[in-house]
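Engineer: Dropping a structure here in structure tokens format, bear with me for questions.
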Amino acid sequence: MEKKPVRAKELAAGKRISGFDEVVSGYSQEEALAESLRCLQCKNPACISGCPVNINIKEFIFQVTKKDYAGAYFTIRKTNNFPSICGRVCPAEYQCRKACVLNKSKFAYCGPEAINIHFLERFVGDYGMRNNLQAPVEKDAQSSKAKVAVVGSGPAGLCCAGELARKGIAVVVFESLQSCGGVLRYGIPNFRLPREILDYEINYLAKLGVEFKTNVVVGKTVSLEELFQQGFSRVFLGLGAGVPSFLGIKGENLCNVYSANEFLTRVNLMSAYKFPEYHTPVNIGQHVLVVGGGNTAMDAARCALRLQKINGIKPDVKIIYRRTLTEMPARRLEIKHAEEEGIKFRFLVQPKEFHADNRGFVRELNCLSCELREADASGRRKPVVLEDSDFSIPCDLAIIAIGLEANQVLTSATPELKTDKYKDIMINPATMETSIKHVFAGGDIAGGEGTVIEAMGMAKKAAISILQNP
Ligand SMILES: Cc1cc2nc3c(=O)[nH]c(=O)nc-3n(C[C@H](O)[C@H](O)[C@H](O)COP(=O)(O)OP(=O)(O)OC[C@H]3O[C@@H](n4cnc5c(N)ncnc54)[C@H](O)[C@@H]3O)c2cc1C
């Protein structure tokens, strides 16, 4: 009998847009068991090499089939510190699930669809969290004397801090914002990653002895050199890629044209969706336009739609993208959710110029139509603007979500820290050490915009190097 893929339950679109509650529910034990039993337990499991940190997926799914959830949790934790987070945000369809042999229809008796590895990971991670399971602490005499500074508290910084603290190293995390978590806090909205999960992981690190110092901008408040003078023997830099890219078109500095970073930070970090209970407003308009096709664009659009709904405005949010749905880098699930919630997509559209009213507030975006030609360096087909194809779209709030770059506060204050042409910090990929001895880096600042799991993978590698000689 065919075993059907088990879908995770979701809040109905009409209901979820009235707030910021989590959209996707986790599996129940019965659902997790049923999904785990679809796994073929391949002799050579391709899914493991599809995972950037090589989680032993075959093993943990086998443990789920035996209802050994604690065992499954510790199997995942060997390579991934934050399964509840990754089970929610990993782009599994491009990673482990893409490699799953069940994508081939000859195995249709197990359902012609990859195992929902991410939902199983989330189930196991949440089980671990509910039961307060934690990987063992293995202190040793040499590491217990060391003191390491971690700069940045995104997934890279948190992962590195956890790896080191578990071996008895004293770790202090320096974060420039007022709360820790990096993009997990200020970028990804609560309806995708509830804050309790992030708080749980940060609190656990605090219990391990990790000290968090917020509102400290390393490179301004304190220099790298001063950190060494304060007695830190090693420094890990997980600075992320927090500076937004802009279109460089006329009118981009008009009122109510935001970068996605500012918009999402206002909404997620500063709780603008609870204004006036919280003091940060967002001047949400009647017609919202989001430019871009990645996860950031989806998050910004879905937040904007919720804000319209909460403020009693008839939802009107459009995403414009210069390629087509096929080339969109956002996770497929986020695109599906955005469509279900009523967000409209306009493809093959290139922004040309924003126009304002007489008070300087944006009123419309003048655009050009495109067509796709041969592939460019990114491997995606290149959009080419069509002549005389101008048209306008009304908008009174525009959000630019076309990419992020390295923040140069620390690197420009530290010229010995070598950067590449993208201003990312250069590292020795074998050790993650930078051009400055005893300074390591990982995550988006050392590889360009990536994913949560990739950032954690790099941080873990750096932690291993630090542990060899703390
Ligand atoms: C809106 C959005 C949605 C995303 N969605 C997904 C998703 O669904 N799945 C996925 O896998 N990836 C997603 N990504 C990408 C992912 O979040 C990043 O790849 C990941 O967060 C990188 O981790 P990081 O630790 O390197 O950097 P960050 O998460 O950016 O954290 C860096 C931290 O360092 C701090 N910092 C920077 N400079 C200094 C300094 N000088 N001193 C002190 N602190 C400093 C910053 O304030 C920040 O808190 C998304 C990204 C965005 C922007």
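Ordering of the structure tokens sets the chain letters (A, B, ...); residue numbers start at 1 within each chain; ligands are numbered from 1 in the order shown.
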I'd like a table as CSV: residues in chain A with an atom no more than 7 Å from ligand 1, each row giving the shortest atom pair and its distance in Å to one decimal, only C-alpha atoms and all ligand atoms counted, sorted by chain and rising residue number.
Structural biologist:
```
residue,atom,partner,partner_atom_place_in_ligand_line,distance
A:Val89,CA,ligand 1,8 (O),4.2
A:Cys90,CA,ligand 1,11 (O),4.4
A:Pro91,CA,ligand 1,9 (N),5.7
A:Val151,CA,ligand 1,43 (C),5.2
A:Gly152,CA,ligand 1,34 (O),3.2
A:Ser153,CA,ligand 1,33 (C),4.8
A:Gly154,CA,ligand 1,31 (O),3.4
A:Pro155,CA,ligand 1,25 (O),4.1
A:Ala156,CA,ligand 1,25 (O),3.7
A:Gly157,CA,ligand 1,25 (O),5.5
A:Phe174,CA,ligand 1,43 (C),5.3
A:Glu175,CA,ligand 1,44 (N),3.8
A:Ser176,CA,ligand 1,44 (N),4.0
A:Leu177,CA,ligand 1,47 (O),5.1
A:Cys180,CA,ligand 1,49 (O),6.1
A:Gly181,CA,ligand 1,49 (O),5.7
A:Gly182,CA,ligand 1,49 (O),3.1
A:Val183,CA,ligand 1,29 (O),3.9
A:Leu184,CA,ligand 1,17 (O),6.1
A:Gly187,CA,ligand 1,1 (C),4.0
A:Ile188,CA,ligand 1,3 (C),4.9
A:Val216,CA,ligand 1,43 (C),5.6
A:Val217,CA,ligand 1,42 (N),3.7
A:Val218,CA,ligand 1,42 (N),3.9
A:Gly219,CA,ligand 1,41 (N),5.5
A:Gly238,CA,ligand 1,26 (O),5.1
A:Leu239,CA,ligand 1,37 (C),3.8
A:Gly240,CA,ligand 1,27 (O),3.2
A:Ala241,CA,ligand 1,30 (O),5.3
A:Gly242,CA,ligand 1,30 (O),5.6
A:Asn261,CA,ligand 1,53 (C),6.9
A:Asn295,CA,ligand 1,3 (C),4.9
A:Thr296,CA,ligand 1,1 (C),3.7
A:Asp299,CA,ligand 1,1 (C),5.9
A:Arg331,CA,ligand 1,8 (O),6.9
A:Asn407,CA,ligand 1,38 (N),6.3
A:Val409,CA,ligand 1,41 (N),5.8
A:Leu410,CA,ligand 1,41 (N),5.0
A:Gly442,CA,ligand 1,26 (O),6.4
A:Gly443,CA,ligand 1,26 (O),3.3
A:Asp444,CA,ligand 1,26 (O),4.0
A:Ile445,CA,ligand 1,26 (O),5.9
A:Glu449,CA,ligand 1,19 (O),5.5
A:Gly450,CA,ligand 1,19 (O),4.1
A:Thr451,CA,ligand 1,11 (O),3.5
A:Val452,CA,ligand 1,11 (O),3.9
A:Ile453,CA,ligand 1,11 (O),5.9
A:Ala455,CA,ligand 1,23 (O),5.1
```
Engineer: Could the residues in this selection be written to a file with C-alpha atoms, as a CSV table (one decimal), in the first residue's frame?
Structural biologist:
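What follows is the written file result-v5.csv:
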```csv
chain,number,residue,atom,x,y,z
A,89,VAL,CA,13.9,27.9,8.2
A,90,CYS,CA,16.2,25.6,6.2
A,91,PRO,CA,15.6,25.7,2.5
A,151,VAL,CA,31.4,39.2,17.8
A,152,GLY,CA,27.9,39.0,16.5
A,153,SER,CA,25.0,36.9,17.9
A,154,GLY,CA,23.5,35.5,14.7
A,155,PRO,CA,23.4,31.8,14.0
A,156,ALA,CA,27.2,31.8,13.3
A,157,GLY,CA,28.1,33.6,16.6
A,174,PHE,CA,29.4,41.1,21.8
A,175,GLU,CA,26.3,42.2,19.9
A,176,SER,CA,25.7,45.7,18.5
A,177,LEU,CA,21.9,45.5,18.7
A,180,CYS,CA,20.7,38.7,20.4
A,181,GLY,CA,19.9,36.4,17.4
A,182,GLY,CA,21.0,38.4,14.3
A,183,VAL,CA,18.7,37.8,11.4
A,184,LEU,CA,16.8,35.2,13.4
A,187,GLY,CA,14.8,39.6,10.0
A,188,ILE,CA,12.8,36.3,10.1
A,216,VAL,CA,28.5,46.9,21.8
A,217,VAL,CA,29.8,47.7,18.3
A,218,VAL,CA,33.1,46.1,18.0
A,219,GLY,CA,35.2,48.4,15.8
A,238,GLY,CA,30.2,36.4,12.9
A,239,LEU,CA,29.2,39.9,11.7
A,240,GLY,CA,26.7,38.8,9.1
A,241,ALA,CA,25.8,40.8,6.0
A,242,GLY,CA,23.6,43.5,7.4
A,261,ASN,CA,16.3,45.6,6.6
A,295,ASN,CA,13.3,35.1,1.4
A,296,THR,CA,13.8,38.8,2.5
A,299,ASP,CA,9.2,38.1,4.7
A,331,ARG,CA,12.1,29.0,-0.4
A,407,ASN,CA,28.9,45.8,7.2
A,409,VAL,CA,32.3,49.1,10.5
A,410,LEU,CA,34.8,46.6,11.9
A,442,GLY,CA,32.3,32.6,9.7
A,443,GLY,CA,28.8,33.0,8.4
A,444,ASP,CA,27.6,35.6,5.9
A,445,ILE,CA,30.6,37.9,6.6
A,449,GLU,CA,24.7,36.0,1.8
A,450,GLY,CA,24.0,32.3,2.7
A,451,THR,CA,21.7,30.3,4.9
A,452,VAL,CA,21.4,29.7,8.6
A,453,ILE,CA,22.8,26.2,8.4
A,455,ALA,CA,26.6,30.0,8.7
```
Engineer: Give me the residues near A:Gly162 as JSON, numbers by chain, where near means some atom within 8 Å (using only C-alpha atoms) and where sequence neighbours in that chain fewer than 4 positions away do not count.
Structural biologist: {"A": [81, 158, 166, 205, 210]}
Engineer: Now that the selection is made, can you save its residues with N, CA and C atoms as a short mmCIF file (atom, residue, chain, number, x, y, z; two decimals), in the first residue's frame?
Structural biologist:
```cif
data_model
loop_
_atom_site.label_atom_id
_atom_site.label_comp_id
_atom_site.auth_asym_id
_atom_site.auth_seq_id
_atom_site.Cartn_x
_atom_site.Cartn_y
_atom_site.Cartn_z
N ASN A 81 23.51 22.44 15.99
CA ASN A 81 23.18 22.90 17.35
C ASN A 81 21.72 23.30 17.53
N LEU A 158 26.23 32.41 17.67
CA LEU A 158 25.62 31.56 18.70
C LEU A 158 26.16 30.14 18.62
N ARG A 166 30.63 24.50 25.60
CA ARG A 166 30.46 23.09 25.97
C ARG A 166 31.79 22.43 26.31
N LEU A 205 22.46 28.81 26.29
CA LEU A 205 23.88 29.20 26.21
C LEU A 205 24.27 30.00 27.46
N VAL A 210 27.82 31.27 28.92
CA VAL A 210 28.14 32.30 27.91
C VAL A 210 27.59 33.65 28.39
#
```
Engineer: Could you pull out all residues of stretch 407-466 of chain A with a DSSP call of strand (DSSP E or B) and give them as number ranges by chain?
Structural biologist: A: 419, 425, 433, 439-441
Engineer: One decimal, Å: what's the distance from atom CA of A:Leu368 over to atom CA of A:Val385, could you say?
Structural biologist: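 It comes out at 6.5 Å.
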Engineer: Identify, on the basis of only C-alpha atoms, every residue whose closest approach to A:Ala398 does not exceed 6 Å; exclude the query and any residue fewer than 6 positions from it along the same chain; express the result as a compact mmCIF listing (two decimals) with C-alpha atoms, in the first residue's frame.
Structural biologist:
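Saved result, result_15.txt, follows:
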```txt
# COMPACT_ATOMS: atom_id res chain seq x y z
CA VAL A 257 10.75 53.92 0.57
CA VAL A 288 2.66 48.25 -0.86
CA LEU A 289 5.30 47.30 -3.40
CA VAL A 290 8.19 44.96 -2.55
```
Engineer: Please identify the alpha helix (DSSP H) residues within stretch 97-210 of chain A (assignment by DSSP from backbone atoms) and present them as number ranges by chain.
Structural biologist: A: 97-99, 117-130, 155-165, 183-186, 195-208
Engineer: Next, the residues of the selection above should be written as a PDB file, in the first residue's frame with C-alpha atoms.
Structural biologist:
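Saved the output as result_30.pdb:
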```pdb
ATOM      1  CA  ARG A  97      15.248  16.957   0.276  1.00  0.00           C
ATOM      2  CA  LYS A  98      16.569  17.705  -3.193  1.00  0.00           C
ATOM      3  CA  ALA A  99      18.916  14.746  -2.871  1.00  0.00           C
ATOM      4  CA  ILE A 117      13.209  15.782   6.501  1.00  0.00           C
ATOM      5  CA  HIS A 118      12.846  19.349   7.784  1.00  0.00           C
ATOM      6  CA  PHE A 119       9.516  18.623   9.498  1.00  0.00           C
ATOM      7  CA  LEU A 120      11.015  15.533  11.125  1.00  0.00           C
ATOM      8  CA  GLU A 121      14.018  17.576  12.253  1.00  0.00           C
ATOM      9  CA  ARG A 122      11.690  20.186  13.702  1.00  0.00           C
ATOM     10  CA  PHE A 123       9.671  17.503  15.507  1.00  0.00           C
ATOM     11  CA  VAL A 124      12.825  16.024  17.041  1.00  0.00           C
ATOM     12  CA  GLY A 125      14.241  19.476  17.918  1.00  0.00           C
ATOM     13  CA  ASP A 126      10.984  20.514  19.623  1.00  0.00           C
ATOM     14  CA  TYR A 127      10.928  17.204  21.505  1.00  0.00           C
ATOM     15  CA  GLY A 128      14.442  17.952  22.761  1.00  0.00           C
ATOM     16  CA  MET A 129      13.425  21.445  23.781  1.00  0.00           C
ATOM     17  CA  ARG A 130      10.248  20.337  25.577  1.00  0.00           C
ATOM     18  CA  PRO A 155      23.445  31.780  13.992  1.00  0.00           C
ATOM     19  CA  ALA A 156      27.214  31.823  13.346  1.00  0.00           C
ATOM     20  CA  GLY A 157      28.094  33.577  16.621  1.00  0.00           C
ATOM     21  CA  LEU A 158      25.620  31.565  18.704  1.00  0.00           C
ATOM     22  CA  CYS A 159      26.806  28.278  17.220  1.00  0.00           C
ATOM     23  CA  CYS A 160      30.470  29.086  17.811  1.00  0.00           C
ATOM     24  CA  ALA A 161      29.721  30.244  21.382  1.00  0.00           C
ATOM     25  CA  GLY A 162      27.854  26.997  22.133  1.00  0.00           C
ATOM     26  CA  GLU A 163      30.577  24.758  20.733  1.00  0.00           C
ATOM     27  CA  LEU A 164      33.249  26.516  22.802  1.00  0.00           C
ATOM     28  CA  ALA A 165      31.231  26.807  26.015  1.00  0.00           C
ATOM     29  CA  VAL A 183      18.683  37.811  11.382  1.00  0.00           C
ATOM     30  CA  LEU A 184      16.840  35.184  13.427  1.00  0.00           C
ATOM     31  CA  ARG A 185      15.673  38.068  15.638  1.00  0.00           C
ATOM     32  CA  TYR A 186      15.406  41.126  13.407  1.00  0.00           C
ATOM     33  CA  ARG A 195      10.788  34.020  19.413  1.00  0.00           C
ATOM     34  CA  GLU A 196      10.396  31.494  22.274  1.00  0.00           C
ATOM     35  CA  ILE A 197      12.558  29.067  20.308  1.00  0.00           C
ATOM     36  CA  LEU A 198      15.356  31.560  19.804  1.00  0.00           C
ATOM     37  CA  ASP A 199      15.066  32.709  23.431  1.00  0.00           C
ATOM     38  CA  TYR A 200      15.289  29.096  24.618  1.00  0.00           C
ATOM     39  CA  GLU A 201      18.548  28.515  22.733  1.00  0.00           C
ATOM     40  CA  ILE A 202      20.080  31.808  23.928  1.00  0.00           C
ATOM     41  CA  ASN A 203      19.020  31.133  27.539  1.00  0.00           C
ATOM     42  CA  TYR A 204      20.563  27.695  27.314  1.00  0.00           C
ATOM     43  CA  LEU A 205      23.878  29.201  26.207  1.00  0.00           C
ATOM     44  CA  ALA A 206      23.641  31.647  29.127  1.00  0.00           C
ATOM     45  CA  LYS A 207      23.132  28.684  31.472  1.00  0.00           C
ATOM     46  CA  LEU A 208      26.282  27.130  30.004  1.00  0.00           C
TER      47      LEU A 208
END
```
Engineer: Do you know which residues are at most 12 Å from A:Lys43 counting only C-alpha atoms, after dropping those on the same chain fewer than 6 positions away, and could you put them as a list in words?
Structural biologist: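 Returned residues: Lys58, Glu59 and Val101 of chain A.
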Engineer: Using only C-alpha atoms, pick whichever of A:Phe20, A:Pro415, A:Asn311, A:Lys336 has the shortest atom-to-atom distance to A:Asn268.
Structural biologist: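 Nearest candidate to A:Asn268 out of A:Phe20, A:Pro415, A:Asn311, A:Lys336: A:Phe20.
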Engineer: Nearest to A:Gly14 among A:Gly360, A:Gly403, A:Pro315, A:Pro351, with distances taken over only C-alpha atoms: which residue is it?
Structural biologist: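 For A:Gly14, the nearest of the candidates is A:Pro315.
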Engineer: Find the residues around A:Glu211 up to 7 Å (only C-alpha atoms counted), leave out those fewer than 5 positions away in its own chain, and share them as a list of chain:residue names.
Structural biologist: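 The neighbour list is A:Val171, A:Val172, A:Val173, A:Ala206.
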Engineer: Using the selection just defined, write its residues with C-alpha atoms as an mmCIF file, in the first residue's frame.
Structural biologist:
```cif
data_model
loop_
_atom_site.group_PDB
_atom_site.id
_atom_site.type_symbol
_atom_site.label_atom_id
_atom_site.label_comp_id
_atom_site.auth_asym_id
_atom_site.auth_seq_id
_atom_site.Cartn_x
_atom_site.Cartn_y
_atom_site.Cartn_z
ATOM 1 C CA VAL A 171 32.862 32.943 26.052
ATOM 2 C CA VAL A 172 31.657 36.522 25.835
ATOM 3 C CA VAL A 173 29.356 37.413 22.919
ATOM 4 C CA ALA A 206 23.641 31.647 29.127
#
```
Engineer: Between A:Ala170, A:Ala375, A:Leu224, A:Ala413, which residue has the minimum interatomic distance to A:Ile436, considering only C-alpha atoms?
Structural biologist: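 Among the listed residues, the smallest separation from A:Ile436 belongs to A:Leu224.
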Engineer: Have a look at A:Cys100, A:Pro329, A:Cys367, A:Leu305 and name the one nearest to A:Ile343; count only C-alpha atoms.
Structural biologist: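 Of all the options, A:Leu305 lies closest to A:Ile343.
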Engineer: Rounded to one decimal place, report the atom CA of A:Ile61-atom CA of A:Lys104 distance in Å.
Structural biologist: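 So the answer is 19.5 Å.
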Engineer: I want to know what sits within 6 Å of A:Arg306, based on only C-alpha atoms, with residues of the same chain fewer than 3 positions away left out; could you give that as number ranges by chain?
Structural biologist: A: 17-18, 303, 309
